[in-house]
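For reference, model-v1.txt is printed below; it contains compact mmCIF, C-alpha atoms.
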# COMPACT_ATOMS: atom_id res chain seq x y z
CA MET A 1 -4.98 -139.54 191.21
CA TRP A 2 -2.98 -142.72 191.68
CA ALA A 3 0.08 -141.11 190.06
CA ALA A 4 -0.22 -138.05 192.29
CA SER A 5 -0.48 -140.26 195.37
CA CYS A 6 2.64 -142.19 194.34
CA LEU A 7 4.51 -138.97 193.64
CA ALA A 8 3.58 -137.56 197.06
CA SER A 9 4.66 -140.82 198.71
CA CYS A 10 8.01 -140.75 196.92
CA CYS A 11 8.59 -137.10 197.86
CA ALA A 12 7.76 -137.80 201.50
CA SER A 13 10.05 -140.82 201.52
CA CYS A 14 12.91 -138.85 199.96
CA ALA A 15 12.41 -136.02 202.45
CA CYS A 16 12.51 -138.44 205.38
CA ASP A 17 15.65 -140.10 204.02
CA ALA A 18 17.29 -136.72 203.53
CA CYS A 19 16.44 -135.67 207.09
CA ARG A 20 17.66 -138.99 208.45
CA THR A 21 20.93 -138.64 206.53
CA ALA A 22 21.45 -135.07 207.71
CA VAL A 23 20.70 -135.97 211.32
CA SER A 24 22.97 -139.01 211.28
CA GLY A 25 25.78 -136.81 209.96
CA ILE A 26 25.88 -134.76 213.18
CA SER A 27 29.07 -135.67 215.01
CA ARG A 28 30.40 -134.86 218.47
CA ARG A 29 32.15 -131.79 217.09
CA SER A 30 29.12 -130.46 215.24
CA ALA A 31 26.54 -131.21 217.97
CA ARG A 32 26.90 -127.76 219.55
CA ILE A 33 26.27 -126.06 216.21
CA ALA A 34 23.27 -128.36 215.69
CA TYR A 35 21.77 -127.09 218.95
CA CYS A 36 22.30 -123.55 217.66
CA GLY A 37 20.50 -124.50 214.46
CA LEU A 38 17.56 -125.89 216.41
CA PHE A 39 17.41 -122.72 218.48
CA ALA A 40 17.51 -120.59 215.33
CA LEU A 41 14.69 -122.72 213.90
CA SER A 42 12.59 -121.98 216.98
CA LEU A 43 13.13 -118.24 216.45
CA ILE A 44 12.02 -118.52 212.83
CA VAL A 45 8.92 -120.51 213.80
CA ALA A 46 8.04 -117.96 216.51
CA TRP A 47 8.54 -115.06 214.11
CA ILE A 48 6.37 -116.69 211.40
CA LEU A 49 3.58 -117.58 213.84
CA ARG A 50 3.63 -114.04 215.19
CA GLU A 51 2.76 -112.85 211.69
CA VAL A 52 0.27 -115.50 210.54
CA ALA A 53 -1.13 -117.42 213.53
CA ALA A 54 -3.52 -114.78 214.93
CA PRO A 55 -6.54 -115.80 212.78
CA LEU A 56 -6.00 -119.46 213.70
CA LEU A 57 -5.70 -118.81 217.45
CA GLU A 58 -8.94 -116.82 217.39
CA LYS A 59 -10.77 -120.07 216.50
CA ILE A 60 -9.27 -122.17 219.34
CA PRO A 61 -11.87 -122.17 222.15
CA TRP A 62 -9.49 -122.67 225.12
CA ILE A 63 -7.37 -119.73 223.94
CA SER A 64 -9.98 -117.28 222.68
CA HIS A 65 -12.68 -117.64 225.35
CA PHE A 66 -13.26 -113.97 226.16
CA HIS A 67 -16.51 -112.04 225.99
CA GLU A 68 -14.83 -109.69 223.51
CA THR A 69 -12.25 -110.89 221.02
CA PRO A 70 -8.80 -109.56 221.98
CA SER A 71 -6.70 -107.51 219.60
CA ARG A 72 -4.47 -109.08 216.97
CA GLU A 73 -1.44 -108.02 219.03
CA TRP A 74 -2.64 -110.21 221.90
CA PHE A 75 -2.75 -113.33 219.71
CA GLU A 76 0.65 -112.53 218.20
CA THR A 77 2.15 -112.36 221.68
CA ASP A 78 0.39 -115.56 222.71
CA ALA A 79 1.79 -117.49 219.73
CA VAL A 80 5.36 -116.36 220.42
CA LEU A 81 5.16 -117.23 224.12
CA ARG A 82 3.80 -120.71 223.43
CA VAL A 83 6.64 -121.52 221.03
CA SER A 84 9.12 -120.06 223.50
CA LEU A 85 7.71 -122.14 226.35
CA GLY A 86 8.10 -125.34 224.31
CA ASN A 87 11.68 -124.41 223.49
CA PHE A 88 12.37 -123.53 227.13
CA LEU A 89 11.01 -126.86 228.41
CA PHE A 90 13.01 -128.78 225.80
CA PHE A 91 16.37 -127.28 226.77
CA THR A 92 15.55 -127.23 230.49
CA THR A 93 14.77 -130.94 230.37
CA LEU A 94 18.12 -131.58 228.70
CA ALA A 95 19.85 -129.41 231.31
CA VAL A 96 18.32 -131.46 234.14
CA LEU A 97 19.20 -134.75 232.45
CA MET A 98 22.82 -133.65 231.99
CA VAL A 99 23.43 -132.67 235.62
CA GLY A 100 26.53 -134.45 236.93
CA VAL A 101 27.91 -135.69 233.60
CA LYS A 102 31.70 -135.69 234.07
CA SER A 103 32.91 -138.55 231.88
CA GLN A 104 32.40 -139.31 228.21
CA ARG A 105 31.70 -142.90 229.27
CA ASP A 106 28.51 -141.71 230.97
CA PRO A 107 25.51 -142.97 228.92
CA ARG A 108 24.08 -139.45 229.00
CA ASP A 109 27.06 -138.23 226.98
CA SER A 110 25.73 -140.06 223.93
CA LEU A 111 22.30 -138.53 224.58
CA HIS A 112 23.84 -135.06 224.51
CA HIS A 113 25.66 -135.65 221.22
CA GLY A 114 23.33 -138.09 219.47
CA GLY A 115 19.70 -139.12 219.09
CA TRP A 116 18.90 -136.10 216.94
CA MET A 117 15.88 -137.52 215.19
CA MET A 118 14.31 -138.26 218.59
CA LYS A 119 15.25 -134.79 219.86
CA ILE A 120 13.71 -133.01 216.88
CA ILE A 121 10.50 -135.02 217.24
CA CYS A 122 10.32 -134.29 220.98
CA TRP A 123 10.95 -130.59 220.36
CA PHE A 124 8.21 -130.48 217.74
CA LEU A 125 5.71 -132.29 219.98
CA LEU A 126 6.51 -130.00 222.91
CA VAL A 127 5.89 -126.89 220.82
CA VAL A 128 2.60 -128.30 219.51
CA PHE A 129 1.50 -129.32 223.01
CA MET A 130 2.00 -125.75 224.26
CA PHE A 131 -0.97 -124.66 222.14
CA PHE A 132 -3.22 -126.91 224.26
CA LEU A 133 -2.31 -125.20 227.54
CA PRO A 134 -4.62 -122.65 229.20
CA ASN A 135 -3.81 -118.96 229.07
CA GLU A 136 -3.03 -118.81 232.80
CA ILE A 137 0.06 -121.01 232.37
CA ILE A 138 1.27 -118.86 229.47
CA ALA A 139 0.76 -115.72 231.58
CA LEU A 140 2.86 -117.26 234.37
CA TYR A 141 5.60 -118.12 231.89
CA GLU A 142 5.52 -114.58 230.52
CA THR A 143 6.12 -113.16 234.00
CA SER A 144 8.95 -115.62 234.65
CA SER A 145 10.50 -114.78 231.27
CA LYS A 146 11.19 -111.22 232.35
CA PHE A 147 13.42 -112.43 235.18
CA GLY A 148 14.98 -115.15 233.02
CA SER A 149 15.72 -112.56 230.36
CA GLY A 150 17.57 -110.41 232.87
CA LEU A 151 19.69 -113.41 233.88
CA PHE A 152 20.44 -114.15 230.23
CA LEU A 153 21.53 -110.56 229.72
CA LEU A 154 24.05 -110.99 232.56
CA ILE A 155 25.39 -114.17 230.94
CA GLN A 156 25.52 -112.28 227.65
CA VAL A 157 27.65 -109.66 229.40
CA VAL A 158 30.11 -112.32 230.63
CA LEU A 159 30.34 -113.72 227.10
CA LEU A 160 30.88 -110.21 225.71
CA LEU A 161 33.67 -109.53 228.21
CA ASP A 162 35.30 -112.83 227.32
CA PHE A 163 35.04 -112.07 223.60
CA VAL A 164 36.38 -108.50 223.89
CA HIS A 165 39.36 -109.50 226.04
CA ARG A 166 40.26 -112.33 223.64
CA TRP A 167 39.87 -109.96 220.70
CA ASN A 168 42.25 -107.47 222.32
CA ASP A 169 44.77 -110.16 223.31
CA THR A 170 44.79 -111.54 219.75
CA TRP A 171 45.55 -108.19 218.14
CA VAL A 172 48.12 -107.22 220.76
CA GLY A 173 49.71 -110.65 220.43
CA TYR A 174 50.59 -109.94 216.80
CA ASP A 175 52.93 -107.21 218.08
CA GLU A 176 52.86 -105.34 214.77
CA ARG A 177 52.35 -101.68 214.06
CA PHE A 178 49.40 -102.32 211.72
CA TRP A 179 47.41 -104.12 214.42
CA TYR A 180 48.15 -101.45 217.01
CA ILE A 181 46.88 -98.78 214.61
CA THR A 182 43.80 -100.87 213.84
CA LEU A 183 43.15 -101.33 217.54
CA PHE A 184 43.36 -97.57 218.09
CA VAL A 185 41.05 -96.80 215.13
CA VAL A 186 38.40 -99.29 216.26
CA SER A 187 38.56 -97.93 219.80
CA LEU A 188 38.23 -94.36 218.51
CA VAL A 189 35.22 -95.29 216.37
CA CYS A 190 33.53 -96.98 219.33
CA TYR A 191 34.07 -93.97 221.60
CA VAL A 192 32.88 -91.52 218.92
CA GLY A 193 29.84 -93.74 218.44
CA THR A 194 29.23 -93.82 222.20
CA PHE A 195 29.26 -90.04 222.66
CA SER A 196 27.33 -89.41 219.43
CA PHE A 197 24.72 -91.92 220.54
CA SER A 198 24.43 -90.15 223.89
CA GLY A 199 23.65 -86.91 222.04
CA LEU A 200 20.79 -88.63 220.23
CA LEU A 201 19.49 -90.00 223.54
CA PHE A 202 19.43 -86.51 225.03
CA HIS A 203 17.52 -85.32 221.95
CA TRP A 204 14.99 -88.17 221.98
CA PHE A 205 14.40 -88.76 225.67
CA THR A 206 14.86 -85.35 227.31
CA PRO A 207 12.52 -83.10 225.30
CA SER A 208 12.44 -79.44 226.21
CA GLY A 209 9.63 -78.33 228.47
CA GLN A 210 9.38 -81.69 230.23
CA ASP A 211 10.73 -82.83 233.58
CA CYS A 212 12.87 -85.78 232.47
CA GLY A 213 15.34 -85.99 235.32
CA LEU A 214 15.27 -89.78 235.44
CA ASN A 215 16.17 -90.11 231.76
CA THR A 216 18.92 -87.54 232.15
CA PHE A 217 20.28 -89.50 235.11
CA PHE A 218 20.38 -92.74 233.08
CA ILE A 219 22.24 -91.12 230.17
CA VAL A 220 24.71 -89.19 232.35
CA MET A 221 25.50 -92.30 234.41
CA THR A 222 26.28 -94.22 231.22
CA LEU A 223 28.59 -91.41 230.06
CA ILE A 224 30.35 -91.46 233.43
CA PHE A 225 30.83 -95.21 233.08
CA ALA A 226 32.41 -94.71 229.64
CA ILE A 227 34.92 -92.23 231.06
CA VAL A 228 35.67 -94.38 234.09
CA PHE A 229 36.33 -97.39 231.83
CA ALA A 230 39.02 -95.48 229.95
CA VAL A 231 40.62 -94.02 233.09
CA VAL A 232 40.79 -97.36 234.90
CA ALA A 233 41.94 -99.33 231.83
CA LEU A 234 44.79 -96.90 231.08
CA HIS A 235 45.93 -96.58 234.70
CA PRO A 236 49.55 -97.76 235.07
CA ALA A 237 48.63 -100.14 237.88
CA VAL A 238 46.02 -101.86 235.71
CA ASN A 239 47.92 -101.68 232.41
CA GLY A 240 44.79 -102.49 230.42
CA SER A 241 43.76 -101.68 226.86
CA ILE A 242 41.43 -99.09 225.39
CA LEU A 243 39.72 -101.51 222.99
CA PRO A 244 37.67 -103.45 225.57
CA ALA A 245 36.81 -100.18 227.34
CA SER A 246 35.47 -98.62 224.13
CA VAL A 247 33.42 -101.67 223.10
CA ILE A 248 31.88 -102.05 226.57
CA SER A 249 31.10 -98.30 226.60
CA LEU A 250 29.22 -98.58 223.31
CA TYR A 251 27.33 -101.66 224.53
CA CYS A 252 26.33 -99.90 227.77
CA MET A 253 25.04 -96.95 225.75
CA TYR A 254 23.00 -99.34 223.60
CA LEU A 255 21.50 -100.89 226.74
CA CYS A 256 20.64 -97.39 227.97
CA TYR A 257 18.90 -96.65 224.68
CA SER A 258 17.10 -100.00 224.75
CA GLY A 259 15.82 -99.26 228.26
CA LEU A 260 14.68 -95.72 227.45
CA ALA A 261 12.96 -96.89 224.27
CA SER A 262 10.96 -99.36 226.39
CA GLU A 263 9.32 -96.59 228.40
CA PRO A 264 5.51 -96.45 228.14
CA ARG A 265 4.21 -94.92 224.94
CA ASP A 266 2.22 -92.29 226.82
CA TYR A 267 5.25 -91.16 228.87
CA GLU A 268 5.97 -87.55 227.96
CA CYS A 269 9.74 -88.06 228.03
CA ASN A 270 9.68 -90.89 225.49
CA GLY A 271 10.25 -88.97 222.28
CA LEU A 272 10.07 -92.13 220.19
CA HIS A 273 6.46 -93.00 221.02
CA LYS A 274 5.26 -91.58 217.70
CA HIS A 275 7.65 -93.90 215.84
CA SER A 276 7.31 -96.93 218.11
CA ARG A 277 6.66 -99.41 215.31
CA ALA A 278 9.77 -98.48 213.28
CA VAL A 279 11.94 -98.33 216.36
CA SER A 280 10.69 -101.62 217.78
CA THR A 281 11.42 -103.40 214.48
CA GLY A 282 15.02 -102.21 214.50
CA THR A 283 15.41 -102.99 218.20
CA VAL A 284 13.94 -106.49 217.81
CA THR A 285 16.15 -107.25 214.80
CA PHE A 286 19.33 -106.11 216.55
CA GLY A 287 18.33 -107.84 219.78
CA LEU A 288 17.66 -111.16 218.04
CA LEU A 289 20.94 -110.86 216.15
CA THR A 290 22.93 -110.31 219.34
CA THR A 291 21.03 -113.18 221.00
CA VAL A 292 21.87 -115.62 218.20
CA LEU A 293 25.50 -114.46 218.17
CA SER A 294 25.70 -114.89 221.95
CA VAL A 295 24.29 -118.40 221.78
CA VAL A 296 26.55 -119.38 218.88
CA TYR A 297 29.58 -117.89 220.62
CA SER A 298 28.77 -119.74 223.84
CA ALA A 299 28.45 -122.97 221.86
CA VAL A 300 31.73 -122.49 220.02
CA ARG A 301 33.58 -121.35 223.16
CA ALA A 302 32.10 -124.14 225.28
CA GLY A 303 34.88 -126.51 224.35
CA SER A 304 37.68 -124.07 225.11
CA SER A 305 36.41 -121.79 227.87
CA THR A 306 38.32 -122.10 231.11
CA THR A 307 35.96 -120.09 233.27
CA LEU A 308 32.32 -120.26 232.25
CA LEU A 309 31.37 -123.65 230.86
CA SER A 310 34.20 -125.96 231.84
CA PRO A 311 33.70 -128.17 234.92
CA PRO A 312 36.57 -128.58 237.40
CA SER A 313 37.25 -132.09 236.10
CA SER A 314 37.67 -130.85 232.53
CA PRO A 315 41.14 -130.87 231.01
CA ARG A 316 40.36 -127.34 229.79
CA ALA A 317 39.47 -126.04 233.22
CA GLY A 318 43.01 -124.92 233.99
CA GLY A 319 43.73 -127.33 236.83
CA GLU A 320 47.08 -127.26 238.57
CA LYS A 321 49.91 -129.57 237.50
CA PRO A 322 50.72 -132.45 239.85
CA LEU A 323 53.65 -131.94 242.22
CA LEU A 324 54.91 -135.50 241.71
CA PRO A 325 55.33 -137.40 238.44
CA VAL A 326 52.45 -139.67 237.49
CA ASP A 327 53.06 -143.25 236.46
CA ARG A 328 51.62 -144.96 233.39
CA ALA A 329 48.88 -146.70 235.36
CA ASP A 330 47.48 -143.33 236.34
CA ASP A 331 47.78 -142.13 232.75
CA GLU A 332 45.84 -145.14 231.52
CA GLU A 333 43.19 -144.58 234.17
CA LYS A 334 42.80 -140.95 233.10
CA GLU A 335 42.56 -142.02 229.47
CA LYS A 336 39.73 -144.37 230.38
CA PHE A 337 37.97 -141.66 232.38
CA LYS A 338 37.92 -139.14 229.48
CA PRO A 339 36.40 -136.15 231.29
CA VAL A 340 33.99 -133.92 229.36
CA SER A 341 35.39 -130.65 228.06
CA TYR A 342 32.50 -128.44 229.24
CA SER A 343 29.39 -128.49 231.40
CA TYR A 344 26.54 -129.95 229.33
CA SER A 345 23.95 -128.83 231.87
CA PHE A 346 25.03 -125.19 231.90
CA PHE A 347 25.29 -125.28 228.11
CA HIS A 348 21.57 -126.12 227.86
CA ILE A 349 20.66 -123.57 230.53
CA ILE A 350 22.02 -120.84 228.25
CA PHE A 351 19.61 -121.97 225.54
CA SER A 352 16.72 -122.05 228.03
CA LEU A 353 17.35 -118.47 229.16
CA ALA A 354 17.90 -117.37 225.55
CA SER A 355 14.45 -118.77 224.72
CA MET A 356 12.94 -116.50 227.37
CA TYR A 357 14.90 -113.48 226.19
CA SER A 358 14.00 -113.99 222.52
CA ALA A 359 10.31 -114.20 223.49
CA MET A 360 10.56 -110.86 225.25
CA LEU A 361 12.24 -109.36 222.20
CA LEU A 362 9.63 -110.67 219.77
CA THR A 363 6.78 -109.45 221.96
CA GLY A 364 8.39 -106.08 222.65
CA TRP A 365 8.21 -106.50 226.45
CA THR A 366 5.00 -104.45 226.29
CA THR A 367 2.01 -106.77 226.15
CA SER A 368 0.55 -109.31 228.52
CA VAL A 369 -1.52 -112.44 227.89
CA GLY A 370 -3.34 -112.26 231.18
CA GLY A 371 -6.90 -113.32 231.81
CA SER A 372 -8.47 -110.09 230.56
CA GLY A 373 -7.22 -110.54 227.01
CA LYS A 374 -6.28 -106.86 226.81
CA PRO A 375 -2.78 -105.50 226.24
CA VAL A 376 -1.27 -104.33 229.51
CA ASP A 377 1.54 -101.80 229.44
CA VAL A 378 4.49 -103.22 231.38
CA GLY A 379 7.11 -100.83 230.04
CA TRP A 380 8.77 -99.84 233.30
CA PRO A 381 9.85 -103.35 234.35
CA SER A 382 11.62 -103.79 231.00
CA VAL A 383 13.20 -100.35 231.41
CA TRP A 384 14.73 -101.27 234.76
CA VAL A 385 15.81 -104.72 233.57
CA ARG A 386 17.90 -103.17 230.80
CA ILE A 387 19.21 -100.24 232.82
CA ILE A 388 20.30 -102.50 235.68
CA THR A 389 21.89 -104.85 233.15
CA GLY A 390 23.91 -101.90 231.86
CA TRP A 391 25.06 -101.07 235.39
CA ALA A 392 25.92 -104.73 236.01
CA THR A 393 27.95 -104.72 232.78
CA ALA A 394 29.91 -101.71 234.03
CA ALA A 395 30.51 -103.32 237.43
CA LEU A 396 31.67 -106.63 235.92
CA TYR A 397 34.03 -104.92 233.50
CA ILE A 398 35.60 -102.72 236.18
CA TRP A 399 35.93 -105.76 238.42
CA SER A 400 37.69 -107.66 235.63
CA LEU A 401 40.25 -104.81 235.52
CA VAL A 402 40.89 -104.31 239.22
CA ALA A 403 40.45 -107.89 240.49
CA PRO A 404 44.04 -108.92 239.57
CA LEU A 405 45.30 -106.14 241.85
CA PHE A 406 43.51 -107.66 244.85
CA PHE A 407 44.03 -111.33 243.90
CA PRO A 408 47.32 -111.48 241.96
CA ASP A 409 47.55 -115.28 242.23
CA ARG A 410 44.22 -115.88 240.46
CA GLU A 411 43.42 -115.67 236.76
CA PHE A 412 40.53 -113.46 235.63

With the file now loaded, output its structure as structure tokens.
Amino acid sequence: MWAASCLASCCASCACDACRTAVSGISRRSARIAYCGLFALSLIVAWILREVAAPLLEKIPWISHFHETPSREWFETDAVLRVSLGNFLFFTTLAVLMVGVKSQRDPRDSLHHGGWMMKIICWFLLVVFMFFLPNEIIALYETSSKFGSGLFLLIQVVLLLDFVHRWNDTWVGYDERFWYITLFVVSLVCYVGTFSFSGLLFHWFTPSGQDCGLNTFFIVMTLIFAIVFAVVALHPAVNGSILPASVISLYCMYLCYSGLASEPRDYECNGLHKHSRAVSTGTVTFGLLTTVLSVVYSAVRAGSSTTLLSPPSSPRAGGEKPLLPVDRADDEEKEKFKPVSYSYSFFHIIFSLASMYSAMLLTGWTTSVGGSGKPVDVGWPSVWVRIITGWATAALYIWSLVAPLFFPDREF
């Protein structure tokens, strides 16, 4: 017994030392990736609790206080939302604390890049504390998450546009025949995938014998967007590229599918209702993957973006050159100022909104943790969130093509 106790103590001590060493090894350059790792950890915890926490939550009196015990699905949703709320409060608190940080000499700069042991402990305590909150607060957070998820999808669109344009510029910049052929092949594959996907959507969501005009409208509009993207991008006045148009077309078609698949299970035009479990698993997996990639991309691009995350004072924000030469005194003053390279506050807001969006993905957008304890079908709000996001994606992409024609002196 004594030997076992000593062994456990040694293992615990070694684990703590290992964690302390790992945390202390996080530098300024790796801090953004560390935040991504913490966010990924929250997704794993939420996913695990969704699978195993239902029996435990049934025994907590302030959670399971109904006359009839709710279904297992209700407790799974509740567990995910509580973890998500803790994650949301953690990153929102950091976002508020980082408002107005412009110089690396600001004491809050060290808080953003350091203090990881304290941050991990605070994150853990916040997540645990969420399981002591009443169901009414969780229900309010669930409702708010639907709007926050829509906002995150719009930010995801901006990140996607930034990524696609940089991808195209990189390949075109090589100015070699191989890369031009590769660009054409990838574009062709994306467009073939877009139109093939649309055929599947017509098959799944416009069954014969049913009046499915709304679904037909959604699919046709997405096809029209795909054609308009190509026409506008290849117009001589725009002088764009087909690669971004094809990728955005495929993404818009995916959003259309995601919205149609979220229609209520008893809706006669939802041809996937008989396979909802298999479809939801694939949709959740792909959605979480794109969410993690978006968050990681935003973190990596935060230090070099000139439009989204960089404050006006940042040296990466693309400020104008001075008209007169600057003397050494001014240079020394600027060196002392050391402006931050991106907005810390907005950086954390992305993680806050991503926490909301990941919760909606893990819960399928289809159940509620309201006071009744019964699943409530809220399929139509999620349908419109995704469809409108697809339309917003189309509008933003077209604007990114035509805006230079109206404002030639500005960079888009």

Discussion item. Give me the residues near range 237-246 of chain A as a PyMOL selection string, where near means some atom within 12 Å (using only C-alpha atoms) and where sequence neighbours in that chain fewer than 3 positions away do not count.
Written reply: chain A and resi 160-172+179-195+223+225-234+249-253+393-394+396-406+408

Worksheet item: Of the candidates A:Ile44, A:Glu76, A:Asn270, A:Val247, which shows the shortest atom-to-atom distance to Asp211 in chain A, using all atoms listed in the file?
Response: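 When distances to Asp211 in chain A are compared using all atoms listed in the file, the smallest one comes from A:Asn270.
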
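Closest approach to Leu94 in chain A among A:Gln210, A:Lys119, A:Asp409, A:Pro107 is made by A:Lys119 (distances from all atoms listed in the file).
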
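Here CA of Leu255 in chain A stands at a distance of 5.9 Å from CA of Arg386 in chain A.
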
Practice prompt. Please indicate the distance in Å from CA of His112 in chain A to CA of Phe347 in chain A, rounded to one decimal place.
Written response: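 Computing the Euclidean distance for CA of His112 in chain A and CA of Phe347 in chain A yields 10.5 Å.
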
Item to complete: Excluding Trp123 in chain A and any residue of its chain fewer than 6 positions from it, enumerate the residues within 10 Å of it, using all atoms listed in the file, and give them as a PyMOL selection string.
Response: chain A and resi 38+42+86-91+117+129

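With distances taken over all atoms listed in the file, A:Gly148 is the one residue among A:Gly115, A:Gly148, A:Pro55, A:Pro264 lying closest to Ser352 in chain A.
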
Worksheet item: Between A:Leu140, A:Leu151, A:Ala46, A:Met98, which is the closest to Leu353 in chain A once you count only C-alpha atoms?
Response: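 The closest residue to Leu353 in chain A is A:Leu151.
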
Worksheet entry | Polymer residues at most 12 Å from (-4.3, -126.6, 226.3) by all atoms listed in the file, as a list in words |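 Here is the list of nearby residues: Leu57, Ile60, Pro61, Trp62, Ile63, Ser64, Arg82, Leu126, Val127, Val128, Phe129, Met130, Phe131, Phe132, Leu133, Pro134, Asn135, Glu136, Ile137 and Ile138 of chain A.
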
Practice prompt. Up to 12 Å from (-1.9, -113.3, 213.2) in the file's coordinates: name the residues, counting all atoms listed in the file, as a list in words.
Written response: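 So the residues meeting the distance criterion are Ala46, Trp47, Ile48, Leu49, Arg50, Glu51, Val52, Ala53, Ala54, Pro55, Leu56, Leu57, Glu58, Lys59, Pro70, Ser71, Arg72, Glu73, Trp74, Phe75, Glu76, Thr77, Asp78, Ala79 and Val80 of chain A.
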